[in-house]
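**Student:** File target-v2.txt below, compact mmCIF, C-alpha atoms:
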```
# COMPACT_ATOMS: atom_id res chain seq x y z
CA MET Q 128 18.44 17.58 16.45
CA LYS Q 129 17.29 13.99 16.93
CA TYR Q 130 14.58 14.20 14.27
CA LEU Q 131 16.84 16.01 11.82
CA ARG Q 132 19.48 13.29 12.16
CA GLN Q 133 16.91 10.50 11.75
CA PHE Q 134 15.35 12.19 8.74
CA MET Q 135 18.81 12.67 7.27
CA ILE Q 136 19.56 8.93 7.53
CA ILE Q 137 16.19 8.06 5.91
CA LEU Q 138 16.85 10.55 3.09
CA LEU Q 139 20.35 9.16 2.61
CA VAL Q 140 18.96 5.61 2.26
CA SER Q 141 16.29 6.93 -0.14
CA PHE Q 142 19.00 8.63 -2.20
CA VAL Q 143 21.08 5.45 -2.39
CA GLY Q 144 17.84 3.73 -3.51
CA GLU Q 145 17.56 6.27 -6.33
CA LEU Q 146 21.16 5.63 -7.35
CA LEU Q 147 20.51 1.87 -7.46
CA LYS Q 148 17.35 2.39 -9.52
CA TYR Q 149 19.44 4.42 -11.96
CA ALA Q 150 22.18 1.77 -12.08
CA ILE Q 151 19.98 -1.38 -12.27
CA PRO Q 152 17.74 -1.70 -15.35
CA LEU Q 153 14.71 -3.30 -13.57
CA PRO Q 154 11.19 -1.89 -13.04
CA VAL Q 155 11.82 -1.60 -9.30
CA PRO Q 156 11.00 1.70 -7.56
CA ALA Q 157 13.78 3.47 -5.61
CA SER Q 158 11.69 3.09 -2.46
CA ILE Q 159 11.99 -0.73 -2.56
CA TYR Q 160 15.77 -0.62 -2.87
CA GLY Q 161 15.75 1.78 0.07
CA LEU Q 162 13.47 -0.49 2.11
CA VAL Q 163 15.77 -3.47 1.57
CA ILE Q 164 18.90 -1.42 2.35
CA LEU Q 165 17.41 -0.06 5.60
CA PHE Q 166 16.28 -3.55 6.63
CA ILE Q 167 19.77 -4.98 6.02
CA LEU Q 168 21.36 -2.09 7.95
CA LEU Q 169 19.04 -2.77 10.93
CA GLU Q 170 19.33 -6.57 10.77
CA THR Q 171 23.15 -6.52 10.60
CA GLY Q 172 23.29 -4.01 13.46
CA VAL Q 173 25.14 -1.39 11.40
CA LEU Q 174 22.27 0.93 12.26
CA LYS Q 175 20.53 0.91 15.66
CA LEU Q 176 16.72 1.00 15.64
CA ASP Q 177 16.77 4.19 17.73
CA ALA Q 178 18.68 5.95 14.97
CA VAL Q 179 15.58 6.05 12.76
CA LYS Q 180 12.62 4.80 14.83
CA ASP Q 181 10.74 7.98 15.84
CA THR Q 182 10.85 9.63 12.44
CA ALA Q 183 10.07 6.32 10.71
CA ILE Q 184 6.96 5.75 12.82
CA PHE Q 185 5.82 9.32 12.20
CA LEU Q 186 6.26 8.96 8.43
CA ILE Q 187 4.40 5.61 8.36
CA GLU Q 188 1.58 7.13 10.43
CA ILE Q 189 1.01 10.03 8.01
CA MET Q 190 1.51 7.82 4.94
CA PRO Q 191 -2.18 7.81 3.89
CA LEU Q 192 -2.02 11.63 3.52
CA MET Q 193 0.68 11.25 0.86
CA PHE Q 194 -1.78 9.52 -1.47
CA ILE Q 195 -4.29 12.37 -1.48
CA PRO Q 196 -2.62 14.39 -4.29
CA ALA Q 197 -2.47 11.31 -6.54
CA GLY Q 198 -6.08 10.45 -5.72
CA VAL Q 199 -7.23 14.00 -6.47
CA GLY Q 200 -5.34 13.61 -9.76
CA LEU Q 201 -8.29 11.44 -10.80
CA ILE Q 202 -10.06 14.57 -12.07
CA GLU Q 203 -7.27 14.80 -14.65
CA SER Q 204 -7.54 11.17 -15.74
CA TRP Q 205 -11.29 10.65 -15.29
CA GLY Q 206 -11.69 10.28 -19.04
CA ASP Q 207 -9.47 7.18 -19.09
CA LEU Q 208 -11.07 5.62 -16.01
CA SER Q 209 -14.72 6.21 -16.89
CA SER Q 210 -14.31 4.22 -20.10
CA MET Q 211 -13.34 1.13 -18.07
CA LEU Q 212 -15.31 1.73 -14.88
CA VAL Q 213 -17.36 -1.49 -14.99
CA GLU Q 214 -14.31 -3.65 -15.76
CA VAL Q 215 -12.27 -1.99 -13.00
CA THR Q 216 -15.06 -2.56 -10.49
CA VAL Q 217 -15.40 -6.24 -11.39
CA ILE Q 218 -11.62 -6.83 -11.25
CA THR Q 219 -11.33 -5.02 -7.92
CA VAL Q 220 -14.11 -6.94 -6.17
CA VAL Q 221 -13.20 -10.38 -7.55
CA SER Q 222 -9.45 -10.12 -6.97
CA THR Q 223 -9.71 -8.57 -3.50
CA VAL Q 224 -11.95 -11.35 -2.18
CA LEU Q 225 -9.86 -14.07 -3.85
CA VAL Q 226 -6.47 -12.68 -2.75
CA MET Q 227 -7.56 -12.29 0.85
CA GLY Q 228 -9.17 -15.73 0.98
CA VAL Q 229 -6.42 -17.63 -0.83
CA SER Q 230 -3.40 -16.12 0.96
CA GLY Q 231 -5.09 -16.45 4.35
CA LYS Q 232 -6.18 -20.02 3.71
CA VAL Q 233 -2.78 -21.10 2.34
CA THR Q 234 -1.02 -19.59 5.38
CA GLU Q 235 -3.39 -21.41 7.72
CA LEU Q 236 -3.03 -24.76 5.95
CA VAL Q 237 0.79 -24.60 5.99
CA LEU Q 238 0.78 -23.53 9.65
CA LYS Q 239 -1.45 -26.48 10.58
CA HIS Q 240 0.64 -28.84 8.48
CA SER Q 241 3.93 -27.84 10.14
CA ALA Q 242 2.30 -27.93 13.59
CA ARG Q 243 1.13 -31.50 12.93
CA LYS Q 244 4.61 -32.48 11.75
CA LYS Q 245 6.14 -31.12 14.96
CA GLY Q 246 3.55 -33.05 16.99
CA GLU Q 247 4.43 -36.28 15.20
CA THR Q 248 8.16 -35.96 15.81
CA LYS Q 249 7.42 -35.36 19.49
CA ASP Q 250 5.35 -38.55 19.66
CA GLU Q 251 8.21 -40.59 18.28
CA MET M 248 -9.37 32.93 -7.28
CA ASN M 249 -6.79 31.08 -9.31
CA ASP M 250 -4.38 34.06 -9.12
CA VAL M 251 -4.24 34.08 -5.33
CA MET M 252 -4.11 30.28 -5.14
CA LEU M 253 -1.38 30.14 -7.76
CA GLU M 254 0.82 32.10 -5.37
CA SER M 255 0.04 29.87 -2.39
CA LEU M 256 2.33 26.95 -1.64
CA PHE M 257 0.39 25.94 1.46
CA PHE M 258 -3.21 25.76 0.22
CA GLY M 259 -2.76 22.31 -1.33
CA VAL M 260 -1.25 20.69 1.76
CA LEU M 261 -3.63 22.51 4.11
CA VAL M 262 -6.83 21.50 2.32
CA SER M 263 -5.54 17.89 2.16
CA CYS M 264 -4.78 17.76 5.90
CA VAL M 265 -8.02 19.46 6.96
CA THR M 266 -10.25 17.18 4.88
CA TYR M 267 -8.34 14.08 6.09
CA GLU M 268 -8.81 15.11 9.73
CA LEU M 269 -12.47 15.85 9.04
CA GLY M 270 -12.91 12.38 7.53
CA GLY M 271 -11.34 10.75 10.59
CA TRP M 272 -13.54 12.84 12.88
CA LEU M 273 -16.70 11.92 10.96
CA ARG M 274 -15.79 8.22 11.08
CA LYS M 275 -15.34 8.38 14.86
CA LYS M 276 -18.49 10.41 15.38
CA THR M 277 -20.78 8.32 13.18
CA LYS M 278 -19.03 4.95 13.77
CA ILE M 279 -19.61 4.12 10.09
CA SER M 280 -16.61 2.07 8.92
CA LEU M 281 -17.56 2.87 5.33
CA ILE M 282 -16.26 6.42 5.90
CA ASN M 283 -12.58 6.18 5.08
CA PRO M 284 -10.52 9.33 5.87
CA LEU M 285 -8.41 8.92 2.73
CA LEU M 286 -11.38 8.43 0.40
CA PHE M 287 -13.29 11.21 2.15
CA SER M 288 -10.37 13.61 1.77
CA ILE M 289 -9.91 12.86 -1.94
CA ILE M 290 -13.60 13.42 -2.67
CA ALA M 291 -13.73 16.56 -0.50
CA VAL M 292 -10.63 18.11 -2.14
CA ILE M 293 -12.07 17.39 -5.60
CA ALA M 294 -15.33 19.04 -4.50
CA VAL M 295 -13.45 22.11 -3.21
CA LEU M 296 -11.43 22.41 -6.42
CA LEU M 297 -14.53 22.12 -8.60
CA ALA M 298 -16.60 24.48 -6.44
CA CYS M 299 -13.91 27.18 -6.37
CA ASN M 300 -12.86 26.58 -9.96
CA ILE M 301 -9.24 25.85 -9.02
CA ASP M 302 -7.03 23.89 -11.46
CA TYR M 303 -5.48 20.59 -10.39
CA ASP M 304 -2.06 22.01 -11.30
CA THR M 305 -2.61 24.90 -8.91
CA TYR M 306 -3.53 22.50 -6.10
CA TYR M 307 -0.65 20.18 -6.95
CA ASN M 308 1.81 23.07 -6.85
CA GLY M 309 1.62 22.86 -3.05
CA ALA M 310 0.34 19.30 -2.58
CA LYS M 311 3.33 17.80 -4.40
CA TYR M 312 5.30 18.16 -1.18
CA LEU M 313 3.05 15.50 0.35
CA SER M 314 3.83 13.09 -2.50
CA TYR M 315 7.52 13.94 -2.08
CA LEU M 316 7.54 12.09 1.25
CA LEU M 317 6.25 8.82 -0.24
CA THR M 318 9.66 7.33 -1.03
CA PRO M 319 11.19 8.01 2.41
CA ALA M 320 7.98 6.71 4.10
CA THR M 321 8.09 3.47 2.11
CA VAL M 322 11.76 3.04 3.04
CA CYS M 323 10.60 3.30 6.67
CA LEU M 324 8.41 0.18 6.30
CA ALA M 325 11.73 -1.61 6.97
CA VAL M 326 11.23 -0.66 10.65
CA PRO M 327 8.05 -2.73 11.37
CA LEU M 328 9.54 -5.47 9.22
CA TYR M 329 12.65 -5.48 11.42
CA GLN M 330 10.59 -5.35 14.63
CA GLN M 331 8.57 -8.42 13.63
CA VAL M 332 11.46 -10.41 12.24
CA GLU M 333 11.32 -13.00 15.07
CA LEU M 334 7.67 -13.89 14.40
CA LEU M 335 8.53 -14.02 10.71
CA LYS M 336 11.49 -16.38 11.21
CA LYS M 337 9.44 -18.75 13.35
CA ASN M 338 6.68 -19.16 10.76
CA VAL M 339 8.64 -18.26 7.66
CA VAL M 340 7.42 -21.07 5.39
CA ALA M 341 3.72 -20.58 6.07
CA ILE M 342 3.99 -16.79 5.83
CA LEU M 343 5.93 -16.76 2.58
CA ALA M 344 3.66 -19.43 1.06
CA GLY M 345 0.62 -17.35 2.01
CA ILE M 346 1.98 -14.05 0.68
CA LEU M 347 3.31 -15.65 -2.52
CA SER M 348 0.00 -17.38 -3.23
CA GLY M 349 -1.80 -14.08 -2.58
CA ALA M 350 0.46 -12.14 -4.96
CA LEU M 351 0.12 -14.88 -7.61
CA THR M 352 -3.67 -14.90 -7.23
CA SER M 353 -3.75 -11.12 -7.66
CA VAL M 354 -1.70 -10.88 -10.87
CA THR M 355 -3.32 -14.02 -12.37
CA CYS M 356 -6.77 -12.64 -11.59
CA VAL M 357 -5.93 -9.36 -13.34
CA LEU M 358 -4.41 -11.23 -16.30
CA VAL M 359 -7.46 -13.45 -16.82
CA LEU M 360 -9.99 -10.64 -16.40
CA ALA M 361 -7.94 -8.30 -18.64
CA MET M 362 -8.10 -10.97 -21.36
CA ILE M 363 -11.87 -11.39 -20.88
CA PHE M 364 -12.39 -7.61 -21.08
CA HIS M 365 -9.98 -7.19 -24.05
CA PHE M 366 -7.85 -4.60 -22.27
CA SER M 367 -5.01 -2.74 -23.97
CA HIS M 368 -1.51 -3.46 -22.64
CA ASP M 369 -1.45 -0.04 -20.91
CA GLN M 370 -4.75 -0.71 -19.14
CA TYR M 371 -3.54 -4.17 -18.12
CA VAL M 372 -0.27 -2.99 -16.53
CA THR M 373 -2.20 -0.17 -14.82
CA LEU M 374 -4.16 -2.78 -12.82
CA LEU M 375 -1.33 -5.31 -12.27
CA PRO M 376 -0.03 -3.74 -9.02
CA LYS M 377 -3.54 -3.17 -7.60
CA SER M 378 -3.11 -5.30 -4.48
CA ILE M 379 0.10 -3.76 -3.13
CA THR M 380 0.86 -0.67 -1.10
CA THR M 381 0.29 2.52 -3.07
CA ALA M 382 3.89 3.75 -2.95
CA ILE M 383 5.20 0.58 -4.56
CA GLY M 384 2.16 0.19 -6.83
CA MET M 385 2.66 3.69 -8.22
CA GLY M 386 6.30 2.93 -8.94
CA VAL M 387 5.50 -0.38 -10.66
CA SER M 388 2.72 1.16 -12.77
CA GLU M 389 5.01 4.02 -13.79
CA GLU M 390 7.88 1.68 -14.67
CA LEU M 391 5.63 -0.56 -16.79
CA GLY M 392 3.96 2.37 -18.58
CA GLY M 393 0.52 2.34 -16.91
CA PHE M 394 -1.78 5.25 -15.98
CA VAL M 395 -0.44 6.05 -12.50
CA THR M 396 -3.46 8.06 -11.32
CA ILE M 397 -5.80 5.18 -12.21
CA THR M 398 -3.50 2.70 -10.46
CA VAL M 399 -3.70 4.83 -7.34
CA ALA M 400 -7.48 5.08 -7.59
CA VAL M 401 -7.86 1.31 -8.00
CA ILE M 402 -5.45 0.62 -5.12
CA ILE M 403 -7.40 2.97 -2.87
CA ILE M 404 -10.73 1.39 -3.85
CA THR M 405 -9.20 -2.07 -3.23
CA VAL M 406 -7.97 -1.08 0.20
CA ILE M 407 -11.27 0.41 1.35
CA LEU M 408 -13.16 -2.61 0.06
CA GLY M 409 -10.70 -4.91 1.87
CA ASN M 410 -11.21 -2.96 5.07
CA ILE M 411 -14.98 -3.44 4.86
CA ILE M 412 -15.09 -7.11 3.81
CA ALA M 413 -12.14 -8.46 5.88
CA GLU M 414 -14.20 -10.15 8.58
CA TYR M 415 -16.72 -11.61 6.12
CA VAL M 416 -13.99 -13.08 3.88
CA CYS M 417 -12.28 -14.70 6.90
CA LYS M 418 -15.61 -16.29 7.82
CA LEU M 419 -16.38 -17.29 4.23
CA PHE M 420 -13.05 -19.12 3.85
CA HIS M 421 -13.09 -20.43 7.46
CA ILE M 422 -9.81 -18.70 8.37
CA THR M 423 -9.40 -18.72 12.15
CA ASP M 424 -5.64 -18.50 12.84
CA PRO M 425 -4.58 -14.92 13.73
CA ILE M 426 -1.36 -15.16 11.66
CA ALA M 427 -3.34 -16.39 8.64
CA LYS M 428 -5.95 -13.65 9.05
CA GLY M 429 -3.23 -11.00 9.17
CA ILE M 430 -1.44 -12.33 6.10
CA GLY M 431 -4.68 -12.53 4.12
CA ILE M 432 -5.80 -9.03 5.01
CA GLY M 433 -2.33 -7.53 4.51
CA SER M 434 -1.83 -9.25 1.14
CA ALA M 435 -5.17 -8.02 -0.18
CA SER M 436 -5.46 -4.58 1.33
CA HIS M 437 -2.14 -3.54 2.99
CA ALA M 438 -2.00 -0.19 4.82
CA ILE M 439 -5.64 0.57 5.54
CA GLY M 440 -6.51 -3.10 5.83
CA THR M 441 -3.76 -3.30 8.45
CA ALA M 442 -5.68 -0.78 10.54
CA LYS M 443 -8.59 -3.22 10.42
CA ALA M 444 -6.31 -6.13 11.32
CA MET M 445 -4.97 -4.15 14.29
CA GLU M 446 -8.56 -3.87 15.55
CA MET M 447 -8.92 -7.66 15.30
CA GLY M 448 -5.77 -8.32 17.35
CA GLU M 449 -2.05 -7.64 17.80
CA ILE M 450 -0.82 -10.68 15.85
CA GLU M 451 -3.24 -9.95 13.00
CA GLY M 452 -1.94 -6.37 12.84
CA ALA M 453 1.72 -7.36 13.03
CA MET M 454 1.36 -10.00 10.30
CA SER M 455 -0.65 -7.65 8.12
CA SER M 456 1.98 -4.89 8.22
CA LEU M 457 4.66 -7.49 7.55
CA SER M 458 2.94 -8.64 4.39
CA ILE M 459 2.77 -5.02 3.11
CA ALA M 460 6.50 -4.99 2.50
CA VAL M 461 6.98 -8.63 1.50
CA SER M 462 3.96 -8.72 -0.81
CA GLY M 463 5.13 -5.45 -2.37
CA ILE M 464 8.58 -6.83 -3.10
CA ILE M 465 7.23 -10.12 -4.52
CA THR M 466 4.73 -8.29 -6.72
CA VAL M 467 7.45 -6.00 -8.13
CA VAL M 468 9.08 -9.12 -9.59
CA LEU M 469 5.79 -10.86 -10.53
CA ALA M 470 4.41 -7.74 -12.25
CA ALA M 471 7.54 -7.39 -14.36
CA VAL M 472 7.14 -11.03 -15.50
CA TYR M 473 3.36 -10.83 -15.99
CA ALA M 474 3.66 -7.54 -17.96
CA GLY M 475 5.26 -9.57 -20.74
CA LEU M 476 2.39 -12.09 -20.84
CA TYR M 477 -0.30 -9.88 -22.34
```
How does this structure look as structure tokens?

**Tutor:**
Amino acid sequence: MKYLRQFMIILLVSFVGELLKYAIPLPVPASIYGLVILFILLETGVLKLDAVKDTAIFLIEIMPLMFIPAGVGLIESWGDLSSMLVEVTVITVVSTVLVMGVSGKVTELVLKHSARKKGETKDE
Amino acid sequence: MNDVMLESLFFGVLVSCVTYELGGWLRKKTKISLINPLLFSIIAVIAVLLACNIDYDTYYNGAKYLSYLLTPATVCLAVPLYQQVELLKKNVVAILAGILSGALTSVTCVLVLAMIFHFSHDQYVTLLPKSITTAIGMGVSEELGGFVTITVAVIIITVILGNIIAEYVCKLFHITDPIAKGIGIGSASHAIGTAKAMEMGEIEGAMSSLSIAVSGIITVVLAAVYAGLY
């Protein structure tokens, strides 16, 4: 019964996410509303972690499998992709390297900066 | 063949699971990190469908139940986010600055290159959510009117590439802090990159999975703004 109850809570949050998506005219997927709702429920203590944990970890673990049908759907849309294959490849390589480098470097610089600040206040 | 398969609700899910397991097994056996179970499974399923002359619709008739779980699974990303909230609070400024700069770099990069390549608006919004987790990226692409299947393909290619190049990029940019490594890898290549970050260390993995959710949420807003720019 434990898994059924946990799955039920997750589905309920997902459903409320769908309702919000319907009510709010923004290009935000229902899943994001659900994610925020579940986080707030956990953070405020309304929901205990144990009430969803096992099923949540299972679902996150098998998440890659859920992308297979969409990926296989490529055979349906190959015509659209093949016409922009070179461009897509260039954009993917350039942006992936830049995003990883920039966000990592910025994080590191800010971390170092705040660590130095803390050091200075200690010296005083 | 199609007649029997048309009746089957389980063929689609079964062939997806079997090929995914096979991909994971091959990766372990050969120790080639280039073999990605997800990519392997997609290629193998396509091969099976083509070889047996089965329509995509027939396959999807069963496989759609896998996609059905995407929304609840994404909602569940709130759990690791909640578990790592202390580490997040302690370094909140650096982490948010890193993720925000990553998300900005991603959409700006796509905008500039889309202009250079003279993309149509539909092609442009298809690639906008390319650096975020597939579940959110699919939703954003759909909402903005992109080609969802191409978005998914590009996200998957991005993730696999990120997995392979993670260590080299960290060296190239001289990133040594474990939190910074995790944020960089997570921002660029989320779920499957996170697996790579987990290999590099616990903090790297934790930070990487944190940035999946945060980067996704930031990009939802950024993509909506950037969609109006081109």

**Student:** Quick one, how far is CA of Ile432 (chain M) from CA of Gly345 (chain M)?

**Tutor:** 10.9 Å

**Student:** Using only C-alpha atoms, which of the listed residues (M:Leu256, M:Ala460, M:Leu281, M:Val322) sits closest to Leu168 (chain Q)?

**Tutor:**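 Once distances to Leu168 (chain Q) are computed over only C-alpha atoms, the minimum belongs to M:Val322.
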
**Student:** Select, from M:Ile465, M:Leu261, M:Ile301, M:Ala361, the residue with the minimum atom-to-atom distance to Gly384 (chain M), counting all atoms listed in the file.

**Tutor:**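 Smallest distance to Gly384 (chain M) is found for M:Ile465.
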
**Student:** So, counting all atoms listed in the file, which residue among M:Leu360, M:Leu347, M:Ser255, M:Tyr306 is closest to Val226 (chain Q)?

**Tutor:**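 Smallest distance to Val226 (chain Q) is found for M:Leu347.
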
**Student:** Each residue of region 132-245 of chain Q lying at most 6 Å from region 420-427 of chain M should get a row with its shortest atom-to-atom pair and the distance in Å to one decimal, counting all atoms listed in the file; could you produce that, ordered by chain and increasing number, as a Markdown table?

**Tutor:**
```
| residue | atom | partner | partner_atom | distance |
| --- | --- | --- | --- | --- |
| Q:Gly228 | CA | M:Phe420 | CA | 5.9 |
| Q:Gly231 | CA | M:Ala427 | CA | 4.6 |
| Q:Thr234 | CA | M:Ala427 | CA | 5.1 |
| Q:Glu235 | CA | M:Ala427 | CA | 5.1 |
```

**Student:** As number ranges by chain, please: the residues near Thr405 (chain M) (cut-off 9 Å, all atoms listed in the file, same-chain neighbours under 3 positions excluded).

**Tutor:** Q: 219-220, 222-223; M: 377-378, 400-402, 408-410, 435-436

**Student:** Env of Val292 (chain M): 10 Å cut, atoms = all atoms listed in the file, seq-sep filter 5 positions within chain, self excluded. Answer as a list in words.

**Tutor:** Ile195, Pro196, Gly198 and Val199 of chain Q; Gly259, Val262, Ser263, Cys264, Val265, Thr266, Tyr267, Phe287, Leu297, Ala298 and Tyr306 of chain M

**Student:** When you count all atoms listed in the file, which of these residues is closest to Tyr307 (chain M): M:Ile293, M:Val395, M:Ile346, M:Ile404?

**Tutor:**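 Closest to Tyr307 (chain M), using all atoms listed in the file: M:Ile293.
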
**Student:** For chain M, which of Q:Tyr160, Q:Phe142, Q:Tyr149, Q:Phe166 is the closest residue, counting only C-alpha atoms?

**Tutor:** Q:Phe166

**Student:** Kindly indicate which residue among M:Lys337, M:Thr355, M:Val332, M:Val326 lies nearest to Lys175 (chain Q), using only C-alpha atoms for the distances.

**Tutor:** M:Val326

**Student:** List the spatial neighbours of Gly200 (chain Q) as a VMD selection string - criterion: any atom at most 12 Å away, all atoms listed in the file, same-chain residues fewer than 2 positions off excluded.

**Tutor:** (chain Q and resid 194 to 198 202 to 206 208) or (chain M and resid 289 to 290 292 to 293 296 302 to 307 310 to 311 314 394 to 400)

**Student:** Dump C-alpha atoms for the selected residues as a compact mmCIF listing (two decimals), in the coordinates of the input?

**Tutor:**
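The result, stored in again32.txt:
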```txt
# COMPACT_ATOMS: atom_id res chain seq x y z
CA PHE Q 194 -1.78 9.52 -1.47
CA ILE Q 195 -4.29 12.37 -1.48
CA PRO Q 196 -2.62 14.39 -4.29
CA ALA Q 197 -2.47 11.31 -6.54
CA GLY Q 198 -6.08 10.45 -5.72
CA ILE Q 202 -10.06 14.57 -12.07
CA GLU Q 203 -7.27 14.80 -14.65
CA SER Q 204 -7.54 11.17 -15.74
CA TRP Q 205 -11.29 10.65 -15.29
CA GLY Q 206 -11.69 10.28 -19.04
CA LEU Q 208 -11.07 5.62 -16.01
CA ILE M 289 -9.91 12.86 -1.94
CA ILE M 290 -13.60 13.42 -2.67
CA VAL M 292 -10.63 18.11 -2.14
CA ILE M 293 -12.07 17.39 -5.60
CA LEU M 296 -11.43 22.41 -6.42
CA ASP M 302 -7.03 23.89 -11.46
CA TYR M 303 -5.48 20.59 -10.39
CA ASP M 304 -2.06 22.01 -11.30
CA THR M 305 -2.61 24.90 -8.91
CA TYR M 306 -3.53 22.50 -6.10
CA TYR M 307 -0.65 20.18 -6.95
CA ALA M 310 0.34 19.30 -2.58
CA LYS M 311 3.33 17.80 -4.40
CA SER M 314 3.83 13.09 -2.50
CA PHE M 394 -1.78 5.25 -15.98
CA VAL M 395 -0.44 6.05 -12.50
CA THR M 396 -3.46 8.06 -11.32
CA ILE M 397 -5.80 5.18 -12.21
CA THR M 398 -3.50 2.70 -10.46
CA VAL M 399 -3.70 4.83 -7.34
CA ALA M 400 -7.48 5.08 -7.59
```

**Student:** At a cut-off of 8 Å, using all atoms listed in the file, what residues contact Leu162 (chain Q)? Leave out same-chain residues fewer than 6 positions from it and give the result as a list in words.

**Tutor:**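 The contact residues come out as Thr321, Val322, Cys323, Leu324 and Ala325 of chain M.
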
**Student:** Might you pull out every residue within 12 Å of Val461 (chain M), with all atoms listed in the file counted and same-chain residues fewer than 4 positions away left off, and present them as a ChimeraX atom specification?

**Tutor:** /Q:159,162-163,166 /M:324-325,327-329,332,335,339,342-347,349-350,379-380,383,430,433-434,437,454-457,465-468

**Student:** So how far away is CA of Val217 (chain Q) from CA of Tyr477 (chain M), in Å?

**Tutor:** 19.0 Å

**Student:** Quick check, in Å to one decimal: how far apart do CA of Ile218 (chain Q) and CA of Cys356 (chain M) lie?

**Tutor:**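 Taking CA of Ile218 (chain Q) as the start and CA of Cys356 (chain M) as the end point, the length is 7.6 Å.
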
**Student:** Step by step, gather every atom of region 141-153 of chain Q that the file lists, find the box along x, y and z that holds them, add 4 Å on each side, and finally give centre and edge lengths in Å to one decimal, as lines of an AutoDock Vina configuration file.

**Tutor:**
```
center_x = 18.4
center_y = 2.7
center_z = -7.7
size_x = 15.5
size_y = 19.9
size_z = 23.2
```
